[in-house]
Amino acid sequence: MFKDERIWKLFQQLIEKKNGELNPKFDPTCEKLYRYPEAEEILNKPPLTTIYLIEDLARLGYLKKSFKGKLFLCPICNSDELKYETFCPKCGSAFVLKMKAIEHNCGYLGRLETFQDGKNFRCPKCLQELKIIEEDYKFYPAFYQCQDCEEYFKEPKEFWHCQKCGAKIEKENLKEIYLFSYQLNEEAISNLKSKALPKEKIVEFLKSQGYEVQEGVKIDGRSGAEHEIDILATKKSGPLEHRIVVGFAVAEEEVPAEEVIKLYAKAYDVNAADVILVALPKLSADALHFAKHYRIRVFEKEDLEKLEKIIEK
Ligand SMILES: [Zn+2]
Ligand SMILES: [Zn+2]
Ligand SMILES: [Zn+2]
């Protein structure tokens, strides 16, 4: 399925990682302004290519995408160092104070304290006592007054002051970027695994041929060395035991000869009568030469498709 074994490595890493998540990192120097450094390292690809790859894997269902958060950035220099500031809509001064205010139905508006008259509240302009809220006066828990021109206003003008390039940006002009993290869709991965590394298929096939099958076993060879065998299949008939060793090798393009030699040495040491090598996607010319010489039966990607048909019959 995936020619690039680095993608497998990425999946593997996510399986092993505790939270199993690829997290974005803000980086104003790269094209999308965010990147996935861990994935870049495993895939050995630049930031943008990595993002496209991850997005493809998500589209194909192997990764799950979830919203991580958003960032507000300076539209001029892409910095995220923004400081919120308010200013007077009339004179532009930044010397604006927030206060509690009252607006009397005579039209006067002022800070709460100016209405206070002992225990009562009285309008400092028309001197009437305040009685019923919303009827003869309005109370504003947050109001603003410019300390330079004394103007009152419900909402100051606001802007975001870029600490890097000095730009003053209004809210609607802020640049927004959305960040997503990716998790492994384990179900999809395990389906994929059984397709790409068809261990189960081969186990099934050997069992159907009357073999007893062990997977991932460690056994001692005649030399005394311990070997790990991907699949060991044995069939007893009388005093005789027929042993098959099956090895798996995956490479980006071609499985090299050393894999064949290693497998042969192991199989010979454990006294196997037959050796099968599953080489994905295929063996190199050199490797094939060795395999023939050692009488190793080779299954490449194309052969596996044939094998699948045999089993289905
Ligand atoms: Zn002002
Ligand atoms: Zn009044
Ligand atoms: Zn800026």
# chains A, B, ... in the order shown; residues from 1 in each chain; ligands from 1
call {"tool": "residues_around", "arguments": {"residues": "Leu232 in chain A", "least_positions_apart": "2", "cutoff": "7 Å", "atoms": "only C-alpha atoms", "output": "list of chain:residue names"}}
result
A:Val213, A:Gln214, A:Glu215, A:Ile229, A:Asp230, A:Thr234, A:Ile244, A:Val245, A:Val246
call {"tool": "write_last_selection", "arguments": {"atoms": "C-alpha atoms", "output": "PDB file, in the first residue's frame"}}
result
ATOM      1  CA  VAL A 213       2.379 -22.558  13.070  1.00  0.00           C
ATOM      2  CA  GLN A 214       4.231 -20.384  15.582  1.00  0.00           C
ATOM      3  CA  GLU A 215       4.732 -16.653  15.096  1.00  0.00           C
ATOM      4  CA  ILE A 229      11.798 -16.477  13.430  1.00  0.00           C
ATOM      5  CA  ASP A 230       8.841 -14.551  11.977  1.00  0.00           C
ATOM      6  CA  THR A 234       6.207 -27.658  11.462  1.00  0.00           C
ATOM      7  CA  ILE A 244       9.453 -24.257   7.253  1.00  0.00           C
ATOM      8  CA  VAL A 245      10.892 -20.889   8.166  1.00  0.00           C
ATOM      9  CA  VAL A 246       9.114 -17.830   6.831  1.00  0.00           C
TER      10      VAL A 246
END
call {"tool": "residues_near_ligand", "arguments": {"ligand": "ligand 3", "cutoff": "9 Å", "atoms": "only C-alpha atoms and all ligand atoms", "output": "list in words"}}
result
Leu73, Cys74, Pro75, Ile76, Cys77, Asn78, Ser79, Asp80, Glu81, Leu82, His161, Cys162, Gln163, Lys164, Cys165, Gly166, Ala167, Lys168 and Ile169 of chain A
call {"tool": "closest_residue", "arguments": {"among": "A:Leu179, A:Phe299, A:Ile7, A:Glu85", "to": "Asp27 in chain A", "atoms": "only C-alpha atoms"}}
result
A:Leu179
call {"tool": "select_by_dssp", "arguments": {"residues": "range 135-303 of chain A", "states": "strand (DSSP E or B)", "output": "ChimeraX atom specification"}}
result
/A:137-146,152-153,157-162,168-169,175-184,212-220,226-237,240-250,255,274-280,283,296-299
call {"tool": "residues_near_ligand", "arguments": {"ligand": "ligand 2", "cutoff": "6 Å", "atoms": "only C-alpha atoms and all ligand atoms", "output": "list in words"}}
result
His104, Cys106, Tyr108, Cys123, Lys125 and Cys126 of chain A
call {"tool": "residues_near_ligand", "arguments": {"ligand": "ligand 1", "cutoff": "12 Å", "atoms": "only C-alpha atoms and all ligand atoms", "output": "list in words"}}
result
Thr86, Phe87, Cys88, Pro89, Lys90, Cys91, Gly92, Ser93, Ala94, Phe95, Val96, Leu97, Tyr144, Gln145, Cys146, Gln147, Asp148, Cys149, Glu150, Glu151, Tyr152, Phe153, Pro156 and Lys157 of chain A
call {"tool": "select_by_dssp", "arguments": {"residues": "range 35-183 of chain A", "states": "alpha helix (DSSP H)", "output": "list of chain:residue names"}}
result
A:Pro37, A:Glu38, A:Ala39, A:Glu40, A:Glu41, A:Ile42, A:Leu43, A:Pro47, A:Leu48, A:Thr49, A:Thr50, A:Ile51, A:Tyr52, A:Leu53, A:Ile54, A:Glu55, A:Asp56, A:Leu57, A:Ala58, A:Arg59
call {"tool": "closest_residue", "arguments": {"among": "A:Ala58, A:Ile51, A:Ile219, A:Ile42", "to": "Asn185 in chain A", "atoms": "only C-alpha atoms"}}
result
A:Ala58
call {"tool": "closest_residue", "arguments": {"among": "A:Ala257, A:Tyr52, A:Tyr137, A:Cys30", "to": "Ala285 in chain A", "atoms": "only C-alpha atoms"}}
result
A:Ala257
call {"tool": "closest_residue", "arguments": {"among": "A:Lys262, A:Lys131, A:His227, A:Lys201", "to": "Ala291 in chain A", "atoms": "only C-alpha atoms"}}
result
A:Lys262
call {"tool": "atom_distance", "arguments": {"atom1": "CA of Val278 in chain A", "atom2": "CA of His293 in chain A"}}
result
16.6 Å
call {"tool": "closest_residue", "arguments": {"among": "A:Gly61, A:Pro24, A:Gly238, A:Gly247", "to": "Gly216 in chain A", "atoms": "only C-alpha atoms"}}
result
A:Gly247
call {"tool": "residues_around", "arguments": {"residues": "Pro256 in chain A", "least_positions_apart": "5", "cutoff": "7 Å", "atoms": "only C-alpha atoms", "output": "number ranges by chain"}}
result
A: 283-284, 287
call {"tool": "write_last_selection", "arguments": {"atoms": "all heavy atoms", "output": "PDB file, in the first residue's frame"}}
result
ATOM      1  N   LEU A 283      12.320  -8.237  -4.423  1.00  0.00           N
ATOM      2  CA  LEU A 283      13.753  -8.419  -4.184  1.00  0.00           C
ATOM      3  C   LEU A 283      14.558  -7.652  -5.231  1.00  0.00           C
ATOM      4  O   LEU A 283      14.103  -7.474  -6.358  1.00  0.00           O
ATOM      5  CB  LEU A 283      14.125  -9.902  -4.289  1.00  0.00           C
ATOM      6  CG  LEU A 283      13.743 -10.828  -3.141  1.00  0.00           C
ATOM      7  CD1 LEU A 283      14.237 -12.239  -3.453  1.00  0.00           C
ATOM      8  CD2 LEU A 283      14.343 -10.359  -1.827  1.00  0.00           C
ATOM      9  N   SER A 284      15.771  -7.291  -4.862  1.00  0.00           N
ATOM     10  CA  SER A 284      16.686  -6.718  -5.849  1.00  0.00           C
ATOM     11  C   SER A 284      17.192  -7.874  -6.719  1.00  0.00           C
ATOM     12  O   SER A 284      17.040  -9.047  -6.350  1.00  0.00           O
ATOM     13  CB  SER A 284      17.855  -6.042  -5.143  1.00  0.00           C
ATOM     14  OG  SER A 284      18.701  -7.019  -4.574  1.00  0.00           O
ATOM     15  N   ALA A 287      19.585  -9.978  -4.801  1.00  0.00           N
ATOM     16  CA  ALA A 287      18.911 -10.757  -3.767  1.00  0.00           C
ATOM     17  C   ALA A 287      18.226 -11.964  -4.387  1.00  0.00           C
ATOM     18  O   ALA A 287      18.238 -13.064  -3.831  1.00  0.00           O
ATOM     19  CB  ALA A 287      17.909  -9.883  -3.026  1.00  0.00           C
TER      20      ALA A 287
END
call {"tool": "closest_residue", "arguments": {"among": "A:Glu204, A:Glu38, A:Asp286, A:Glu31", "to": "Lys9 in chain A", "atoms": "only C-alpha atoms"}}
result
A:Glu38
call {"tool": "residues_around", "arguments": {"residues": "Gly210 in chain A", "least_positions_apart": "2", "cutoff": "9 Å", "atoms": "only C-alpha atoms", "output": "list of chain:residue names"}}
result
A:Leu206, A:Lys207, A:Ser208, A:Glu212, A:Thr234, A:Lys235
call {"tool": "write_last_selection", "arguments": {"atoms": "N, CA, C and O atoms", "output": "mmCIF file, in the first residue's frame"}}
result
data_model
loop_
_atom_site.group_PDB
_atom_site.id
_atom_site.type_symbol
_atom_site.label_atom_id
_atom_site.label_comp_id
_atom_site.auth_asym_id
_atom_site.auth_seq_id
_atom_site.Cartn_x
_atom_site.Cartn_y
_atom_site.Cartn_z
ATOM 1 N N LEU A 206 -0.525 -21.941 5.586
ATOM 2 C CA LEU A 206 0.287 -23.041 6.116
ATOM 3 C C LEU A 206 -0.554 -23.979 6.977
ATOM 4 O O LEU A 206 -0.400 -25.202 6.927
ATOM 5 N N LYS A 207 -1.458 -23.400 7.748
ATOM 6 C CA LYS A 207 -2.334 -24.234 8.591
ATOM 7 C C LYS A 207 -3.203 -25.117 7.710
ATOM 8 O O LYS A 207 -3.419 -26.292 8.014
ATOM 9 N N SER A 208 -3.691 -24.526 6.602
ATOM 10 C CA SER A 208 -4.555 -25.298 5.705
ATOM 11 C C SER A 208 -3.772 -26.465 5.079
ATOM 12 O O SER A 208 -4.349 -27.437 4.626
ATOM 13 N N GLU A 212 1.717 -26.901 11.850
ATOM 14 C CA GLU A 212 1.524 -26.243 13.135
ATOM 15 C C GLU A 212 2.336 -24.951 13.042
ATOM 16 O O GLU A 212 3.512 -24.989 12.657
ATOM 17 N N THR A 234 5.691 -26.283 11.378
ATOM 18 C CA THR A 234 6.207 -27.658 11.462
ATOM 19 C C THR A 234 5.101 -28.662 11.191
ATOM 20 O O THR A 234 3.941 -28.452 11.561
ATOM 21 N N LYS A 235 5.491 -29.714 10.509
ATOM 22 C CA LYS A 235 4.525 -30.795 10.254
ATOM 23 C C LYS A 235 5.251 -32.106 10.569
ATOM 24 O O LYS A 235 6.364 -32.323 10.101
#
call {"tool": "decode", "arguments": {"residues": "range 279-309 of chain A", "atoms": "N, CA and C atoms", "output": "mmCIF file, in the first residue's frame"}}
result
data_model
loop_
_atom_site.group_PDB
_atom_site.id
_atom_site.type_symbol
_atom_site.label_atom_id
_atom_site.label_comp_id
_atom_site.auth_asym_id
_atom_site.auth_seq_id
_atom_site.Cartn_x
_atom_site.Cartn_y
_atom_site.Cartn_z
ATOM 1 N N ALA A 279 9.010 -10.762 0.442
ATOM 2 C CA ALA A 279 9.795 -9.558 0.199
ATOM 3 C C ALA A 279 8.900 -8.492 -0.435
ATOM 4 N N LEU A 280 8.724 -7.394 0.309
ATOM 5 C CA LEU A 280 7.832 -6.344 -0.200
ATOM 6 C C LEU A 280 8.609 -5.069 -0.454
ATOM 7 N N PRO A 281 8.409 -4.403 -1.567
ATOM 8 C CA PRO A 281 7.552 -4.883 -2.653
ATOM 9 C C PRO A 281 8.214 -5.992 -3.481
ATOM 10 N N LYS A 282 9.566 -6.012 -3.538
ATOM 11 C CA LYS A 282 10.211 -7.098 -4.308
ATOM 12 C C LYS A 282 11.685 -7.201 -3.928
ATOM 13 N N LEU A 283 12.320 -8.237 -4.423
ATOM 14 C CA LEU A 283 13.753 -8.419 -4.184
ATOM 15 C C LEU A 283 14.558 -7.652 -5.231
ATOM 16 N N SER A 284 15.771 -7.291 -4.862
ATOM 17 C CA SER A 284 16.686 -6.718 -5.849
ATOM 18 C C SER A 284 17.192 -7.874 -6.719
ATOM 19 N N ALA A 285 17.790 -7.564 -7.844
ATOM 20 C CA ALA A 285 18.289 -8.597 -8.760
ATOM 21 C C ALA A 285 19.316 -9.483 -8.041
ATOM 22 N N ASP A 286 20.175 -8.828 -7.288
ATOM 23 C CA ASP A 286 21.189 -9.536 -6.504
ATOM 24 C C ASP A 286 20.559 -10.505 -5.512
ATOM 25 N N ALA A 287 19.585 -9.978 -4.801
ATOM 26 C CA ALA A 287 18.911 -10.757 -3.767
ATOM 27 C C ALA A 287 18.226 -11.964 -4.387
ATOM 28 N N LEU A 288 17.649 -11.744 -5.551
ATOM 29 C CA LEU A 288 16.943 -12.821 -6.237
ATOM 30 C C LEU A 288 17.922 -13.944 -6.611
ATOM 31 N N HIS A 289 19.079 -13.528 -7.034
ATOM 32 C CA HIS A 289 20.145 -14.472 -7.384
ATOM 33 C C HIS A 289 20.489 -15.365 -6.183
ATOM 34 N N PHE A 290 20.683 -14.740 -5.021
ATOM 35 C CA PHE A 290 20.984 -15.489 -3.806
ATOM 36 C C PHE A 290 19.824 -16.405 -3.421
ATOM 37 N N ALA A 291 18.626 -15.889 -3.538
ATOM 38 C CA ALA A 291 17.450 -16.666 -3.155
ATOM 39 C C ALA A 291 17.368 -17.943 -3.986
ATOM 40 N N LYS A 292 17.665 -17.822 -5.289
ATOM 41 C CA LYS A 292 17.630 -18.988 -6.174
ATOM 42 C C LYS A 292 18.702 -19.985 -5.748
ATOM 43 N N HIS A 293 19.864 -19.435 -5.485
ATOM 44 C CA HIS A 293 20.998 -20.260 -5.099
ATOM 45 C C HIS A 293 20.699 -21.057 -3.821
ATOM 46 N N TYR A 294 20.055 -20.415 -2.861
ATOM 47 C CA TYR A 294 19.745 -21.071 -1.582
ATOM 48 C C TYR A 294 18.429 -21.843 -1.637
ATOM 49 N N ARG A 295 17.767 -21.839 -2.773
ATOM 50 C CA ARG A 295 16.451 -22.480 -2.928
ATOM 51 C C ARG A 295 15.425 -21.928 -1.941
ATOM 52 N N ILE A 296 15.439 -20.638 -1.840
ATOM 53 C CA ILE A 296 14.442 -19.976 -0.982
ATOM 54 C C ILE A 296 13.239 -19.647 -1.852
ATOM 55 N N ARG A 297 12.076 -19.969 -1.363
ATOM 56 C CA ARG A 297 10.870 -19.598 -2.126
ATOM 57 C C ARG A 297 10.523 -18.159 -1.796
ATOM 58 N N VAL A 298 10.370 -17.376 -2.848
ATOM 59 C CA VAL A 298 10.162 -15.940 -2.646
ATOM 60 C C VAL A 298 8.726 -15.554 -3.007
ATOM 61 N N PHE A 299 8.134 -14.799 -2.126
ATOM 62 C CA PHE A 299 6.831 -14.202 -2.445
ATOM 63 C C PHE A 299 7.009 -12.702 -2.483
ATOM 64 N N GLU A 300 6.743 -12.145 -3.658
ATOM 65 C CA GLU A 300 6.765 -10.689 -3.769
ATOM 66 C C GLU A 300 5.321 -10.219 -3.800
ATOM 67 N N LYS A 301 5.181 -8.897 -3.883
ATOM 68 C CA LYS A 301 3.841 -8.323 -3.809
ATOM 69 C C LYS A 301 2.871 -9.002 -4.788
ATOM 70 N N GLU A 302 3.339 -9.192 -6.014
ATOM 71 C CA GLU A 302 2.468 -9.786 -7.036
ATOM 72 C C GLU A 302 2.078 -11.228 -6.694
ATOM 73 N N ASP A 303 3.054 -11.958 -6.145
ATOM 74 C CA ASP A 303 2.770 -13.359 -5.808
ATOM 75 C C ASP A 303 1.741 -13.457 -4.695
ATOM 76 N N LEU A 304 1.816 -12.479 -3.768
ATOM 77 C CA LEU A 304 0.886 -12.516 -2.640
ATOM 78 C C LEU A 304 -0.538 -12.373 -3.109
ATOM 79 N N GLU A 305 -0.697 -11.562 -4.151
ATOM 80 C CA GLU A 305 -2.039 -11.404 -4.699
ATOM 81 C C GLU A 305 -2.537 -12.736 -5.260
ATOM 82 N N LYS A 306 -1.603 -13.490 -5.830
ATOM 83 C CA LYS A 306 -1.962 -14.826 -6.331
ATOM 84 C C LYS A 306 -2.301 -15.759 -5.162
ATOM 85 N N LEU A 307 -1.459 -15.655 -4.112
ATOM 86 C CA LEU A 307 -1.665 -16.499 -2.927
ATOM 87 C C LEU A 307 -3.051 -16.242 -2.339
ATOM 88 N N GLU A 308 -3.420 -14.968 -2.302
ATOM 89 C CA GLU A 308 -4.728 -14.623 -1.778
ATOM 90 C C GLU A 308 -5.829 -15.354 -2.522
ATOM 91 N N LYS A 309 -5.633 -15.462 -3.816
ATOM 92 C CA LYS A 309 -6.637 -16.152 -4.646
ATOM 93 C C LYS A 309 -6.681 -17.649 -4.292
#
